[in-house]
>>> print(open('input-v3.txt').read())   # compact mmCIF, C-alpha atoms
# COMPACT_ATOMS: atom_id res chain seq x y z
CA MET N 506 0.00 0.00 0.00
CA PRO N 507 1.25 3.47 -0.81
CA THR N 508 2.20 5.67 2.08
CA GLY N 509 2.63 9.38 2.36
CA VAL N 510 5.02 11.28 4.51
CA ARG N 511 4.25 13.96 7.04
CA ILE N 512 6.10 17.13 6.12
CA GLU N 513 7.12 19.56 8.85
CA ALA N 514 7.10 22.91 7.11
CA SER N 515 8.77 25.78 8.91
CA ALA N 516 6.89 28.99 9.71
CA GLU N 517 9.12 30.77 7.21
CA GLN N 518 8.25 28.30 4.45
CA LEU N 519 4.53 28.58 5.15
CA ALA N 520 4.75 32.37 5.23
CA ALA N 521 6.16 32.30 1.69
CA VAL N 522 2.88 30.90 0.36
CA THR N 523 0.67 33.55 -1.20
CA PHE N 524 -3.05 32.95 -1.34
CA ASN N 525 -5.16 34.75 -3.95
CA SER N 526 -8.15 36.97 -3.26
CA ASP N 527 -10.27 33.84 -2.79
CA GLY N 528 -7.79 32.54 -0.22
CA LEU N 529 -6.53 29.84 -2.58
CA VAL N 530 -3.23 28.69 -4.03
CA ALA N 531 -2.79 26.47 -7.11
CA ALA N 532 -1.51 22.96 -6.41
CA ILE N 533 -0.02 20.68 -9.04
CA ALA N 534 0.15 16.94 -8.38
CA GLN N 535 2.91 15.06 -10.18
CA GLU N 536 3.43 11.29 -10.03
CA ILE N 537 6.77 10.69 -8.35
CA ASP N 538 7.76 7.63 -10.36
CA THR N 539 6.68 8.45 -13.90
CA ARG N 540 6.92 12.25 -13.41
CA GLU N 541 3.57 12.52 -15.16
CA VAL N 542 1.62 15.66 -14.28
CA LEU N 543 -1.65 14.32 -12.91
CA MET N 544 -3.82 17.34 -12.14
CA LEU N 545 -4.07 20.89 -10.92
CA ALA N 546 -6.49 21.86 -8.19
CA TRP N 547 -6.65 24.45 -5.41
CA MET N 548 -5.83 24.60 -1.74
CA ASN N 549 -6.72 27.01 1.03
CA ALA N 550 -4.59 27.38 4.14
CA GLU N 551 -6.47 24.61 5.93
CA SER N 552 -6.15 22.11 3.08
CA LEU N 553 -2.43 22.85 2.76
CA ARG N 554 -1.98 22.33 6.49
CA ARG N 555 -3.82 19.01 6.34
CA THR N 556 -1.97 17.87 3.23
CA LEU N 557 1.41 18.41 4.88
CA ASP N 558 0.19 16.94 8.15
CA GLU N 559 -1.56 13.84 6.80
CA GLY N 560 0.74 13.13 3.86
CA ARG N 561 -2.31 12.95 1.63
CA MET N 562 -3.53 15.48 -0.89
CA VAL N 563 -6.38 17.53 0.53
CA TYR N 564 -7.69 20.15 -1.88
CA TRP N 565 -10.33 22.83 -1.62
CA SER N 566 -13.26 22.15 -3.90
CA ARG N 567 -14.26 25.44 -5.49
CA SER N 568 -17.52 23.98 -6.84
CA ARG N 569 -18.59 22.41 -3.56
CA GLN N 570 -16.86 25.00 -1.35
CA GLU N 571 -15.52 22.37 0.99
CA LEU N 572 -12.36 20.46 1.82
CA TRP N 573 -11.78 17.66 -0.67
CA ARG N 574 -9.71 14.77 0.68
CA LYS N 575 -8.79 13.31 -2.68
CA GLY N 576 -9.80 9.68 -2.88
CA ASP N 577 -12.16 9.55 0.11
CA THR N 578 -15.02 8.87 -2.31
CA SER N 579 -13.22 7.40 -5.33
CA GLY N 580 -10.57 5.45 -3.46
CA ASP N 581 -7.95 7.00 -5.69
CA ARG N 582 -5.94 8.69 -2.96
CA GLN N 583 -2.75 10.66 -3.50
CA PHE N 584 0.08 10.14 -1.05
CA VAL N 585 2.53 12.97 -0.63
CA ARG N 586 6.26 12.34 -0.89
CA GLU N 587 7.73 15.77 -1.58
CA ALA N 588 6.29 19.27 -1.60
CA TYR N 589 7.60 22.44 -3.22
CA TYR N 590 6.52 26.08 -3.53
CA ASP N 591 7.49 28.33 -6.39
CA CYS N 592 9.46 31.56 -6.55
CA ASP N 593 6.32 33.69 -6.17
CA GLY N 594 4.78 31.40 -3.58
CA ASP N 595 1.56 31.27 -5.57
CA THR N 596 1.87 27.73 -6.91
CA LEU N 597 2.63 24.50 -5.07
CA LEU N 598 4.02 21.30 -6.53
CA PHE N 599 3.49 17.95 -4.85
CA LEU N 600 5.24 14.76 -5.84
CA VAL N 601 2.77 12.04 -5.04
CA GLU N 602 2.11 8.37 -5.30
CA GLN N 603 -1.24 8.00 -7.03
CA GLU N 604 -3.35 5.14 -5.76
CA GLY N 605 -5.90 3.22 -7.81
CA ALA N 606 -7.02 3.90 -11.35
CA GLY N 607 -5.79 7.45 -11.59
CA ALA N 608 -6.19 11.07 -10.67
CA CYS N 609 -8.99 11.98 -13.06
CA HIS N 610 -12.69 11.66 -12.34
CA THR N 611 -13.05 10.30 -15.90
CA GLY N 612 -11.00 7.26 -14.87
CA ALA N 613 -7.94 8.42 -16.78
CA ARG N 614 -4.54 8.23 -15.13
CA THR N 615 -3.97 11.95 -15.60
CA CYS N 616 -6.42 14.78 -16.19
CA PHE N 617 -4.26 15.85 -19.15
CA PHE N 618 -5.30 13.01 -21.45
CA ARG N 619 -6.29 15.16 -24.41
CA ALA N 620 -3.72 16.73 -26.72
CA PHE N 621 -4.05 19.71 -28.98
CA GLY N 622 -3.29 18.88 -32.59
CA ALA N 623 -3.85 16.18 -35.15
CA ASP N 624 -3.33 13.27 -32.75
CA GLY N 625 -6.26 14.55 -30.74
CA GLY N 626 -5.25 12.88 -27.51
CA SER N 627 -5.80 9.42 -26.21
CA MET H 924 19.30 25.23 -31.16
CA PRO H 925 15.97 24.11 -29.71
CA THR H 926 13.00 24.27 -31.99
CA GLY H 927 9.32 24.28 -31.25
CA VAL H 928 6.55 22.80 -33.29
CA ARG H 929 3.48 24.54 -34.62
CA ILE H 930 0.39 22.79 -33.31
CA GLU H 931 -2.80 22.87 -35.37
CA ALA H 932 -5.54 22.69 -32.77
CA SER H 933 -9.03 21.91 -34.00
CA ALA H 934 -11.94 24.23 -33.31
CA GLU H 935 -13.38 21.53 -31.04
CA GLN H 936 -10.18 21.31 -29.02
CA LEU H 937 -9.98 25.07 -28.62
CA ALA H 938 -13.65 25.23 -27.63
CA ALA H 939 -12.90 22.84 -24.76
CA VAL H 940 -10.68 25.44 -23.10
CA THR H 941 -12.42 27.31 -20.31
CA PHE H 942 -11.17 30.77 -19.40
CA ASN H 943 -11.84 32.17 -15.93
CA SER H 944 -13.62 35.44 -15.14
CA ASP H 945 -10.39 37.30 -15.97
CA GLY H 946 -10.25 35.57 -19.35
CA LEU H 947 -7.28 33.42 -18.28
CA VAL H 948 -6.40 29.75 -18.16
CA ALA H 949 -3.57 28.22 -16.08
CA ALA H 950 -0.63 26.89 -18.09
CA ILE H 951 1.96 24.48 -16.71
CA ALA H 952 5.32 24.17 -18.48
CA GLN H 953 7.10 20.84 -18.07
CA GLU H 954 10.56 20.03 -19.47
CA ILE H 955 10.10 17.30 -22.04
CA ASP H 956 13.36 15.47 -21.36
CA THR H 957 13.68 15.53 -17.59
CA ARG H 958 9.90 15.81 -16.97
CA GLU H 959 10.68 18.50 -14.42
CA VAL H 960 7.80 20.91 -13.79
CA LEU H 961 9.29 24.30 -14.60
CA MET H 962 6.60 26.87 -13.86
CA LEU H 963 2.96 27.80 -13.88
CA ALA H 964 1.74 30.99 -15.49
CA TRP H 965 -1.41 32.20 -17.22
CA MET H 966 -2.64 32.52 -20.79
CA ASN H 967 -5.47 34.42 -22.37
CA ALA H 968 -7.00 33.34 -25.69
CA GLU H 969 -4.52 35.38 -27.68
CA SER H 970 -1.46 34.02 -25.90
CA LEU H 971 -2.74 30.46 -26.31
CA ARG H 972 -3.26 31.06 -30.03
CA ARG H 973 0.26 32.46 -30.39
CA THR H 974 1.82 29.69 -28.35
CA LEU H 975 0.30 27.01 -30.57
CA ASP H 976 1.06 28.99 -33.70
CA GLU H 977 4.65 29.98 -32.93
CA GLY H 978 5.69 26.86 -31.03
CA ARG H 979 6.96 29.09 -28.24
CA MET H 980 5.43 29.74 -24.86
CA VAL H 981 3.59 33.07 -24.83
CA TYR H 982 1.96 33.83 -21.50
CA TRP H 983 -0.22 36.66 -20.26
CA SER H 984 1.53 38.73 -17.62
CA ARG H 985 -1.01 39.53 -14.93
CA SER H 986 1.28 42.08 -13.29
CA ARG H 987 2.12 43.91 -16.51
CA GLN H 988 -1.23 43.17 -18.21
CA GLU H 989 0.45 42.33 -21.50
CA LEU H 990 1.51 39.40 -23.63
CA TRP H 991 4.72 37.85 -22.32
CA ARG H 992 6.75 36.01 -24.93
CA LYS H 993 8.85 34.00 -22.52
CA GLY H 994 12.54 34.58 -23.15
CA ASP H 995 12.27 37.69 -25.32
CA THR H 996 14.04 39.62 -22.57
CA SER H 997 15.92 36.89 -20.69
CA GLY H 998 16.84 34.74 -23.68
CA ASP H 999 15.48 31.73 -21.84
CA ARG H 1000 12.82 30.77 -24.34
CA GLN H 1001 10.53 27.78 -24.07
CA PHE H 1002 9.92 25.77 -27.22
CA VAL H 1003 6.70 23.81 -27.40
CA ARG H 1004 6.73 20.13 -28.29
CA GLU H 1005 3.38 18.85 -27.03
CA ALA H 1006 0.30 20.55 -25.61
CA TYR H 1007 -2.53 19.11 -23.52
CA TYR H 1008 -5.73 20.37 -21.90
CA ASP H 1009 -7.29 18.83 -18.83
CA CYS H 1010 -10.68 17.20 -18.23
CA ASP H 1011 -12.26 20.50 -17.15
CA GLY H 1012 -10.47 22.52 -19.82
CA ASP H 1013 -9.27 24.97 -17.20
CA THR H 1014 -5.62 23.97 -17.08
CA LEU H 1015 -3.15 23.49 -19.92
CA LEU H 1016 0.03 21.43 -19.88
CA PHE H 1017 2.87 22.13 -22.27
CA LEU H 1018 5.86 19.87 -22.76
CA VAL H 1019 8.67 22.21 -23.67
CA GLU H 1020 12.33 22.42 -24.35
CA GLN H 1021 13.73 25.04 -22.00
CA GLU H 1022 16.48 27.17 -23.49
CA GLY H 1023 19.27 28.82 -21.51
CA ALA H 1024 19.72 28.88 -17.77
CA GLY H 1025 16.19 27.99 -16.81
CA ALA H 1026 12.57 28.97 -16.48
CA CYS H 1027 12.80 31.01 -13.30
CA HIS H 1028 13.57 34.71 -13.11
CA THR H 1029 15.85 33.88 -10.15
CA GLY H 1030 18.12 31.95 -12.51
CA ALA H 1031 16.98 28.58 -11.21
CA ARG H 1032 16.14 25.81 -13.64
CA THR H 1033 12.63 25.48 -12.25
CA CYS H 1034 10.51 27.91 -10.24
CA PHE H 1035 9.86 25.09 -7.74
CA PHE H 1036 13.34 25.11 -6.21
CA ARG H 1037 12.22 25.39 -2.59
CA ALA H 1038 10.89 22.41 -0.68
CA PHE H 1039 8.69 22.34 2.38
CA GLY H 1040 10.27 20.47 5.24
CA ALA H 1041 13.59 19.99 6.93
CA ASP H 1042 15.64 19.93 3.73
CA GLY H 1043 14.42 23.42 3.01
CA GLY H 1044 15.02 23.31 -0.69
CA SER H 1045 18.10 23.81 -2.76
>>> encode(input="input-v3.txt", output="structure tokens")
Amino acid sequence: MPTGVRIEASAEQLAAVTFNSDGLVAAIAQEIDTREVLMLAWMNAESLRRTLDEGRMVYWSRSRQELWRKGDTSGDRQFVREAYYDCDGDTLLFLVEQEGAGACHTGARTCFFRAFGADGGS
Amino acid sequence: MPTGVRIEASAEQLAAVTFNSDGLVAAIAQEIDTREVLMLAWMNAESLRRTLDEGRMVYWSRSRQELWRKGDTSGDRQFVREAYYDCDGDTLLFLVEQEGAGACHTGARTCFFRAFGADGGS
């Protein structure tokens, strides 16, 4: 079974995160083994705190306006291994182990399963 | 010298892209060889059109409120190889060849050079 790690972020690191006017920061999930980009969703301060604390991706659902512990319903949990914040502090990058079928609600491994161009995507 | 490819997106593919209330869509740039996530920035319809047409990453600068042809000033251009859109159409993923020192204005290869946790980042 996949396991996530608890990450002890320092106060200085957390202070570098910039939330937008909705109180949210963009969070990219990338598969740690294949390096495939799985999805982008949003976090508020509480979901970031829980994600680092639980070692599992916890987003903020903008449509439902509630915490979204990824995989609680679908079973396709994301276990955190490494976490980064960017130069502006307004985007986060998590290296995760994706459990189950995949990250996408369509059942695809990654949400980015459609390509622009003649190939048209998978 | 790196070269980008022109991508002929279909009308259906372009119609699947959803712009937010500011007319923007999130765009992730990922290095095609190392699969390193380099940065996240924003595109409006015009910058997306130019990116696909020129084979070079053209963002929308929210701070300057103008088109931002990545690398025109720094020399660190990003050449597009593959382009994807996600299940909701509100995030784009570009596989690019990064020219020069890197994607980040700090000189780092990737904007995600700081880690949460004891290691503290590079």
>>> residues_near_point(input="input-v3.txt", point="(13.0, 32.0, -15.3)", cutoff="9 Å", atoms="only C-alpha atoms", output="MDAnalysis selection string")
chainID H and resid 961:962 993:994 997 999 1024:1034
>>> residues_around(input="input-v3.txt", residues="H:Phe1035", least_positions_apart="4", cutoff="12 Å", atoms="all atoms listed in the file", output="PyMOL selection string")
(chain N and resi 532-533+587-600) or (chain H and resi 951-953+959-963+1025-1031+1039+1043-1045)
>>> write_last_selection(input="input-v3.txt", atoms="C-alpha atoms", output="compact mmCIF listing (two decimals), in the frame of the given file")
# COMPACT_ATOMS: atom_id res chain seq x y z
CA ALA N 532 -1.51 22.96 -6.41
CA ILE N 533 -0.02 20.68 -9.04
CA GLU N 587 7.73 15.77 -1.58
CA ALA N 588 6.29 19.27 -1.60
CA TYR N 589 7.60 22.44 -3.22
CA TYR N 590 6.52 26.08 -3.53
CA ASP N 591 7.49 28.33 -6.39
CA CYS N 592 9.46 31.56 -6.55
CA ASP N 593 6.32 33.69 -6.17
CA GLY N 594 4.78 31.40 -3.58
CA ASP N 595 1.56 31.27 -5.57
CA THR N 596 1.87 27.73 -6.91
CA LEU N 597 2.63 24.50 -5.07
CA LEU N 598 4.02 21.30 -6.53
CA PHE N 599 3.49 17.95 -4.85
CA LEU N 600 5.24 14.76 -5.84
CA ILE H 951 1.96 24.48 -16.71
CA ALA H 952 5.32 24.17 -18.48
CA GLN H 953 7.10 20.84 -18.07
CA GLU H 959 10.68 18.50 -14.42
CA VAL H 960 7.80 20.91 -13.79
CA LEU H 961 9.29 24.30 -14.60
CA MET H 962 6.60 26.87 -13.86
CA LEU H 963 2.96 27.80 -13.88
CA GLY H 1025 16.19 27.99 -16.81
CA ALA H 1026 12.57 28.97 -16.48
CA CYS H 1027 12.80 31.01 -13.30
CA HIS H 1028 13.57 34.71 -13.11
CA THR H 1029 15.85 33.88 -10.15
CA GLY H 1030 18.12 31.95 -12.51
CA ALA H 1031 16.98 28.58 -11.21
CA PHE H 1039 8.69 22.34 2.38
CA GLY H 1043 14.42 23.42 3.01
CA GLY H 1044 15.02 23.31 -0.69
CA SER H 1045 18.10 23.81 -2.76
>>> atom_distance(input="input-v3.txt", atom1="atom CA of H:Val981", atom2="atom CA of N:Glu536")
26.3 Å
>>> axis_aligned_box(input="input-v3.txt", around="stretch 964-967 of chain H", padding_each_side="3 Å", output="AutoDock Vina command-line options")
--center_x -1.9 --center_y 32.7 --center_z -18.9 --size_x 13.2 --size_y 9.4 --size_z 12.9
>>> closest_residue(input="input-v3.txt", among="N:Val522, N:Met506, N:Ile512, N:Val585", to="chain H", atoms="only C-alpha atoms")
N:Ile512
>>> atom_distance(input="input-v3.txt", atom1="atom CA of H:Leu975", atom2="atom CA of H:Ser944")
22.4 Å
>>> atom_distance(input="input-v3.txt", atom1="atom CA of N:Ala623", atom2="atom CA of H:Glu969")
20.6 Å
>>> closest_residue(input="input-v3.txt", among="N:Arg540, N:Gln570, N:Glu559, N:Arg511", to="chain H", atoms="all atoms listed in the file")
N:Arg540
>>> residues_around(input="input-v3.txt", residues="H:Trp965", least_positions_apart="6", cutoff="6 Å", atoms="only C-alpha atoms", output="list in words")
Val948, Ala949, Ala950, Tyr982 and Trp983 of chain H
>>> write_last_selection(input="input-v3.txt", atoms="C-alpha atoms", output="tab-separated table (two decimals), in the coordinates of the input")
chain	number	residue	atom	x	y	z
H	948	VAL	CA	-6.40	29.75	-18.16
H	949	ALA	CA	-3.57	28.22	-16.08
H	950	ALA	CA	-0.63	26.89	-18.09
H	982	TYR	CA	1.96	33.83	-21.50
H	983	TRP	CA	-0.22	36.66	-20.26
>>> residues_near_point(input="input-v3.txt", point="(8.1, 28.3, -22.8)", cutoff="6 Å", atoms="only C-alpha atoms", output="list in words")
Arg979, Met980, Lys993, Arg1000, Gln1001 and Phe1002 of chain H
